Each structure stands twice: as structure tokens, then as C-alpha cells.
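*Asks:* One structure is given below, represented as C-alpha cells, and several questions about it will come after.
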Amino acid sequence: MISPFNPKQRNTLGGRITIALYRITQAIEHIFRERGKVTRLSPTQIQSLLFLKYARPGVRTIGGLANRLGVTHATSSGVADALEHKRLIKRTPLPEDQRVITLRLTPKGEDEAGMLEDVLDEIEAAVNALPEAEQTALLHAAQSIVRRLQQAGYVKIYEICWGCQFFRKDAHPDDPRGPHHCAFMDAPLPEPQTYLECPDFVPAEKEVILCSTEPID
Ligand code: SF4
């Protein structure tokens, strides 16, 4: 069997790229572990705080966190326990369904999450060092790979509304509940909520830039 891990067999373009991607994930894991030594947080706890800062309110739950981390409900609950013990989050049962446990950052958790925002700066700096044409090609290639991995169930994509096929921009501009509309939830969307990450995001078209924070008309 041909394996990209075997240096003698790593002579195809696909094999070399696969190993390069593997090394990038190793670098990210290393960066998270190093940051964790300073903050006394595990890589999973770091991901959880950033998830709770930017996820749509409806998915800030034990189940939503489990989905995002790709772990079981019990593991997610354990992560929430540890973060609550550090007084970084607060768990509260949903009033209309006590079985659903919502999670929210405490003020201390907000501060901690804010200080973690730069955790991927080194990766971004390496990307920014590439010529723009290479960045564009890399973006499209990376998105295609991520989309395929998503379809295979290996990764869950959370994205903001702009660029989602369910997003209706300015559908009801005078509605006090929000000028935009989500056709998936059939609900109005206030502007700030359109910038929260949502697991129900479906790209409006293949070429849409999944990571864009720019409004797409
Ligand atoms: S389904 Fe799409 S439009 Fe609706 S909240 Fe999620 S990302 Fe926004």
C-alpha cells in the first residue's frame, strides 16, 4: 500500500500536499498546547471558549459544543464542567426544556476568550507571506478539501449568514426584530446575529468564500 508517511513513496503531488497539510495540523496543535501552558487551558478548552464567543446563541449548548468539537455529549459536558470550575462559563437549563443545558461566557470567560483571538496569528502570517495569487489558489483548494471532508462527516462547518443560501438580506427592513431573514429558521435576523457562526450554513454557491467576513450582496 502506498503511504504518504513513507518518505520513499512520497513522490506524488497529492502525497506531498497531504503530508504538508498534516504538518500544518501538527503546528496548530503545538501552538494551542503552548498557549495552553500560559493560560492553563487545554486545547479543547481554548476551542470551546472561542466557540462560545462566536457561535449563534441557539447552539451554545452542551450538544452544540459536542457537535463543534466532534466529541460525545459526555465529553462535552466534562469540558463544560472544567470551564465552569474555572468560572469562565455558566451552565443554565433552557427554561422551556430543562434537558437542554445552555452555556454562556462569564465576564472572566469573555476576557479570556478575547485574549485567545490571536492564537492562529502565526499561521495567518505564514499565509500572508505568500503572493496574492497563491493565496487565492490556496483558498479555493483548501475550501474544496474542507467541503469534501465535511460531506464525509469529518468536520462541521460553522459560518456566518453572509453567503448562506438561506440568507435573505434586507427582506423586511422595517421589522424591529431585524431587517434580514433566515429562510432555514423562517425567522428575522438582526444585523449583529448575521455575524455569528451557524452550523446550518449552506454556501449560496460553490465558489462562495466560506471564511469571508465581507458582506456578500
Ligand atoms: S441557516 Fe444560514 S441564514 Fe440562517 S442563521 Fe444559519 S447561516 Fe444564517
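Simple scheme: letters A, B, ... for chains in C-alpha cells order, numbers from 1 for residues in each chain, numbers from 1 for ligands in the order shown.
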Taking a cut-off of 10 Å and counting only C-alpha atoms and all ligand atoms, can you build a table that, for each residue of chain A near ligand 1, reports the nearest atom pair and how far apart they are in Å (one decimal), sorted by chain then residue number, as a tab-separated table?

*Replies:*
```
residue	atom	partner	partner_atom_place_in_ligand_line	distance
A:Arg56	CA	ligand 1	5 (S)	7.6
A:Gly58	CA	ligand 1	5 (S)	9.7
A:Tyr158	CA	ligand 1	7 (S)	7.9
A:Glu159	CA	ligand 1	7 (S)	6.1
A:Ile160	CA	ligand 1	7 (S)	5.1
A:Cys161	CA	ligand 1	8 (Fe)	3.6
A:Trp162	CA	ligand 1	7 (S)	7.2
A:Gly163	CA	ligand 1	7 (S)	8.0
A:Cys164	CA	ligand 1	2 (Fe)	4.7
A:Gln165	CA	ligand 1	2 (Fe)	6.4
A:Phe166	CA	ligand 1	3 (S)	4.5
A:Phe167	CA	ligand 1	3 (S)	3.8
A:Arg168	CA	ligand 1	3 (S)	7.2
A:Lys169	CA	ligand 1	3 (S)	9.1
A:His180	CA	ligand 1	3 (S)	8.8
A:His181	CA	ligand 1	3 (S)	7.0
A:Cys182	CA	ligand 1	4 (Fe)	4.2
A:Ala183	CA	ligand 1	4 (Fe)	6.3
A:Phe184	CA	ligand 1	1 (S)	5.1
A:Met185	CA	ligand 1	4 (Fe)	6.1
A:Asp186	CA	ligand 1	4 (Fe)	8.1
A:Ala187	CA	ligand 1	4 (Fe)	8.2
A:Pro188	CA	ligand 1	5 (S)	9.3
A:Leu189	CA	ligand 1	5 (S)	7.5
A:Gln193	CA	ligand 1	5 (S)	7.8
A:Thr194	CA	ligand 1	8 (Fe)	6.0
A:Tyr195	CA	ligand 1	8 (Fe)	8.4
A:Leu196	CA	ligand 1	8 (Fe)	8.0
A:Glu197	CA	ligand 1	7 (S)	6.9
A:Cys198	CA	ligand 1	6 (Fe)	4.7
A:Pro199	CA	ligand 1	6 (Fe)	6.5
A:Asp200	CA	ligand 1	1 (S)	4.5
A:Phe201	CA	ligand 1	7 (S)	4.0
A:Val202	CA	ligand 1	2 (Fe)	6.4
A:Pro203	CA	ligand 1	2 (Fe)	8.3
A:Ala204	CA	ligand 1	2 (Fe)	9.2
```

*Asks:* Which of chain A end up as strand (DSSP E) when DSSP is run on this backbone - answer as a VMD selection string?

*Replies:* chain A and resid 89 to 94 97 to 105 167 to 168 180 to 182 187 to 189

*Asks:* Measuring between only C-alpha atoms, which one of A:Thr92, A:Leu105, A:Val79, A:Ile31 shows the shortest distance to Ala55 of chain A?

*Replies:*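 Looking only at the distances to Ala55 of chain A, the closest residue turns out to be A:Leu105.
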
*Asks:* Go through A:His30, A:Glu117, A:Pro192, A:Pro4 and flag the residue nearest Ile17 of chain A, using only C-alpha atoms for the distances.

*Replies:*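 Using only C-alpha atoms, Ile17 of chain A sits closest to A:Pro4.
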
*Asks:* Quick one, how far is atom CA of Arg91 of chain A from atom CA of Met115 of chain A?

*Replies:* 21.8 Å
